[in-house]
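Visitor: Have a look at this one before I ask anything.
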Amino acid sequence: MDLQEARELARKKMKGCYVCPECDGKACKGMIPGFGGLRTAKSFLRNVEALAEYGLVMRSMDSELDPNPAVTIFGKEISMPVLVAPVGGVILNSKVPGDPATVEMDYNESVTKGAFDAGTLCFTGDGGMEYMFESGIVASKKREETVIPTIKPRSNDQIIEKIKIAEQAHAFAVASDIDAATLINMHIFGQPVGPKSASDIAELVKATSLPFIVKGIMSPEEAIACADAGAKGIVVSNHGGRILDGMVGTADVLPEIAKAVKGRLTIFVDGGVRHGEDVLKMLALGADAVLIGRPIAIAAIGGQAEAVKLLLDALKRELMDAMMITGVHDLSNVSPDILRRLK
């Protein structure tokens, strides 16, 4: 199998995504449930646009033939700074045929195995039905210290209960996507979720020995609050443009967030990352690693773990090419000097 075959198979199966040649949010506006952006999809579109407004500067005279794309996350070396983003409610959003629980289980098997085989880490999702979180836990038990279960912003007691389940499954870390407080899909299932305060985050951090990651941070003030509360990581994310229309893109706010908290916690970012050069741009803007969602989901649905690994390996090769041509020998300290603002 190659990636094109996987995409063609995914296109035949999925009704919640058009599997466009370029995943930019234009064709799937308002497709929620589905993989589109909310209403006019301006937030999804802005993620892509904001990243595209930066260009890389070639420094081929300082290049190295075999640059090192490995990074260390919470003391663990992984093959590349590219992780799989959490996706829950797979059948609801992809609209593929089949039993919902079985589809979810197969999806999490594919993404976690693909990530493991590629030498990286995988976030798994949560949702309005118990099997959505549980399928990630099953995968975590099979691939210890590779999976990062992500929990919706339920009550702290409910989150802590799920954290303990993740600990028992030997998860690598645990996360909560606090930006899902208004997510339409959670309301469909009648699941109560809501905002989280700094004191809520501090309580969750103290409740676990695992690194705690807060997903859905878009301002330096909240990044600082997470660091002060003891979080080990944040994900700069607007939930793929699925929770609020008209938001700024993640690349718009990443530099100021990095300026505020770089070195205090690990900075992950998602939104519009499609190729290896996009990964390098995000690192130059201040991220430590990136998460990729929709393209990974398409690969998993079309070609299971094999296609997920193929995609991750392709991203790694593209990243190494970008590193070589910009004179970046390793990713320990990517300088913003390799970027120029195009607009």
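Chain labels A, B, ... are given in the sequence in which chains occur in the structure tokens; within each chain residues are numbered consecutively from 1, and ligands are likewise numbered from 1 in the order shown.
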Please provide as a PyMOL selection string all residues within 8 Å of Asp66 (chain A), with the sequence filter that same-chain residues fewer than 3 positions apart are discarded (counting only C-alpha atoms).
Guide: chain A and resi 320+324+329
Visitor: Residues of region 253-341 of chain A in strand (DSSP E) according to DSSP, as a list in words?
Guide: Thr266, Ile267, Phe268, Val269, Ala289, Val290, Leu291, Ile292, Leu339, Arg340 and Arg341 of chain A
Visitor: Have a look at A:Ser94, A:Pro336, A:Gly25, A:Val84 and name the one nearest to Arg46 (chain A); count only C-alpha atoms.
Guide: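 Closest to Arg46 (chain A), using only C-alpha atoms: A:Gly25.
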Visitor: Write out as CSV the residues of region 36-96 of chain A that have any atom within 10 Å of an atom of region 285-293 of chain A, one row each with the nearest atom pair and its distance in Å to one decimal, counting only C-alpha atoms, sorted by chain and then rising number.
Guide:
```
residue,atom,partner,partner_atom,distance
A:Leu51,CA,A:Leu285,CA,9.8
A:Tyr54,CA,A:Leu285,CA,9.7
A:Val71,CA,A:Ala289,CA,8.2
A:Thr72,CA,A:Asp288,CA,9.1
A:Ile73,CA,A:Asp288,CA,8.4
A:Met80,CA,A:Ala289,CA,8.2
A:Pro81,CA,A:Ala289,CA,4.4
A:Val82,CA,A:Val290,CA,5.1
A:Leu83,CA,A:Leu291,CA,4.8
A:Val84,CA,A:Ile292,CA,5.3
A:Ala85,CA,A:Gly293,CA,4.8
A:Pro86,CA,A:Gly293,CA,6.9
A:Val87,CA,A:Gly293,CA,7.1
```
Visitor: Dump C-alpha atoms for the selected residues as a compact mmCIF listing (two decimals), in the first residue's frame?
Guide:
```txt
# COMPACT_ATOMS: atom_id res chain seq x y z
CA LEU A 51 1.29 29.10 8.87
CA TYR A 54 5.87 32.28 6.88
CA VAL A 71 13.55 15.14 20.13
CA THR A 72 13.07 14.33 23.79
CA ILE A 73 9.62 14.68 25.35
CA MET A 80 10.57 13.14 15.31
CA PRO A 81 8.69 16.11 16.83
CA VAL A 82 5.44 14.91 15.22
CA LEU A 83 2.75 13.30 17.38
CA VAL A 84 -0.70 12.01 16.52
CA ALA A 85 -3.49 14.36 17.67
CA PRO A 86 -6.48 13.04 19.64
CA VAL A 87 -9.59 12.17 17.64
```
Visitor: Sort by chain and increasing residue number a table of all residues of region 37-76 of chain A within 10 Å of region 219-243 of chain A, each with its closest pair of atoms and their distance in Å to one decimal, counting only C-alpha atoms, and write it as a tab-separated table.
Guide:
```
residue	atom	partner	partner_atom	distance
A:Gly37	CA	A:Arg242	CA	4.9
A:Leu38	CA	A:Arg242	CA	4.8
A:Arg39	CA	A:Arg242	CA	8.6
A:Thr40	CA	A:Gly241	CA	9.8
A:Ala41	CA	A:Gly241	CA	6.5
A:Lys42	CA	A:Gly241	CA	7.3
A:Ser43	CA	A:Gly241	CA	4.4
A:Phe44	CA	A:Gly241	CA	4.2
A:Leu45	CA	A:Gly241	CA	7.8
A:Arg46	CA	A:Gly241	CA	8.4
A:Asn47	CA	A:Gly240	CA	7.8
A:Ile73	CA	A:Gly233	CA	9.7
A:Phe74	CA	A:Lys232	CA	8.1
```
Visitor: Give me, please, the distance in Å between CA of Val19 (chain A) and CA of Leu310 (chain A), quoted to one decimal.
Guide: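 Taking CA of Val19 (chain A) and CA of Leu310 (chain A), their separation equals 17.0 Å.
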Visitor: For Val334 (chain A), find every residue with an atom within 9 Å (counting only C-alpha atoms), except residues of its own chain fewer than 2 positions away, and show them as a ChimeraX atom specification.
Guide: /A:280,283-286,328,330-332,336-338
Visitor: Have a look at A:Lys13, A:Lys162, A:Lys113, A:Arg340 and name the one nearest to Thr150 (chain A); count only C-alpha atoms.
Guide: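 Once distances to Thr150 (chain A) are computed over only C-alpha atoms, the minimum belongs to A:Lys162.
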Visitor: Name all residues at most 10 Å from Glu5 (chain A) (count only C-alpha atoms; drop same-chain ones fewer than 6 positions away) and give them as a PyMOL selection string.
Guide: chain A and resi 11+299+302-303+307
Visitor: Output C-alpha atoms for every residue in the selection just made, as a PDB file, in the first residue's frame.
Guide:
```
ATOM      1  CA  ARG A  11     -12.525   8.740   0.245  1.00  0.00           C
ATOM      2  CA  ALA A 299      -4.571   7.597   6.676  1.00  0.00           C
ATOM      3  CA  GLY A 302      -7.995   4.327   4.578  1.00  0.00           C
ATOM      4  CA  GLY A 303      -4.998   2.158   5.390  1.00  0.00           C
ATOM      5  CA  ALA A 307      -0.721   4.036   6.270  1.00  0.00           C
TER       6      ALA A 307
END
```
Visitor: For Glu130 (chain A), find every residue with an atom within 12 Å (counting only C-alpha atoms), except residues of its own chain fewer than 2 positions away, and show them as JSON, numbers by chain.
Guide: {"A": [88, 89, 100, 101, 104, 105, 125, 126, 127, 128, 132, 133, 134, 135, 136, 137, 151, 152, 162, 189, 191]}
Visitor: Create the file for the chosen residues now, containing C-alpha atoms and written as a PDB file, in the first residue's frame.
Guide:
```
ATOM      1  CA  GLY A  88     -12.694  10.854  19.377  1.00  0.00           C
ATOM      2  CA  GLY A  89     -16.128   9.995  18.065  1.00  0.00           C
ATOM      3  CA  PRO A 100     -19.415   2.687  16.396  1.00  0.00           C
ATOM      4  CA  ALA A 101     -17.489   0.951  19.182  1.00  0.00           C
ATOM      5  CA  GLU A 104     -13.393   3.498  17.386  1.00  0.00           C
ATOM      6  CA  MET A 105     -11.384   0.523  18.631  1.00  0.00           C
ATOM      7  CA  GLY A 125      -9.507  10.968  22.201  1.00  0.00           C
ATOM      8  CA  ASP A 126     -12.601  11.051  24.357  1.00  0.00           C
ATOM      9  CA  GLY A 127     -16.252  11.738  23.708  1.00  0.00           C
ATOM     10  CA  GLY A 128     -19.829  11.351  24.740  1.00  0.00           C
ATOM     11  CA  MET A 132     -14.552   6.498  22.915  1.00  0.00           C
ATOM     12  CA  PHE A 133     -12.177   6.907  25.859  1.00  0.00           C
ATOM     13  CA  GLU A 134     -11.928   3.201  26.623  1.00  0.00           C
ATOM     14  CA  SER A 135     -10.600   2.308  23.164  1.00  0.00           C
ATOM     15  CA  GLY A 136      -7.595   4.546  23.801  1.00  0.00           C
ATOM     16  CA  ILE A 137      -7.030   2.826  27.131  1.00  0.00           C
ATOM     17  CA  ILE A 151     -10.069  13.666  28.580  1.00  0.00           C
ATOM     18  CA  LYS A 152     -12.883  16.097  27.887  1.00  0.00           C
ATOM     19  CA  LYS A 162     -10.246   8.688  34.077  1.00  0.00           C
ATOM     20  CA  PHE A 189     -24.529  13.165  23.667  1.00  0.00           C
ATOM     21  CA  GLN A 191     -22.461  15.193  28.317  1.00  0.00           C
TER      22      GLN A 191
END
```
Visitor: Calculated over only C-alpha atoms, which of the candidates A:Val308, A:Ala297, A:Leu210, A:Leu254 has the smallest distance to Lys164 (chain A)?
Guide: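 Of A:Val308, A:Ala297, A:Leu210, A:Leu254, the one nearest Lys164 (chain A) is A:Leu210, counting only C-alpha atoms.
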Visitor: Taking only C-alpha atoms into account, which of A:Ala169, A:Ala27, A:Ile159, A:Ala50 comes nearest Gly272 (chain A)?
Guide: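 The shortest atom-to-atom distance to Gly272 (chain A) comes from A:Ala50.
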Visitor: Per DSSP on the backbone, what are the alpha helix (DSSP H) residues of region 119-311 of chain A, as number ranges by chain?
Guide: A: 130-142, 156-168, 184-188, 198-206, 220-228, 250-261, 276-284, 294-311
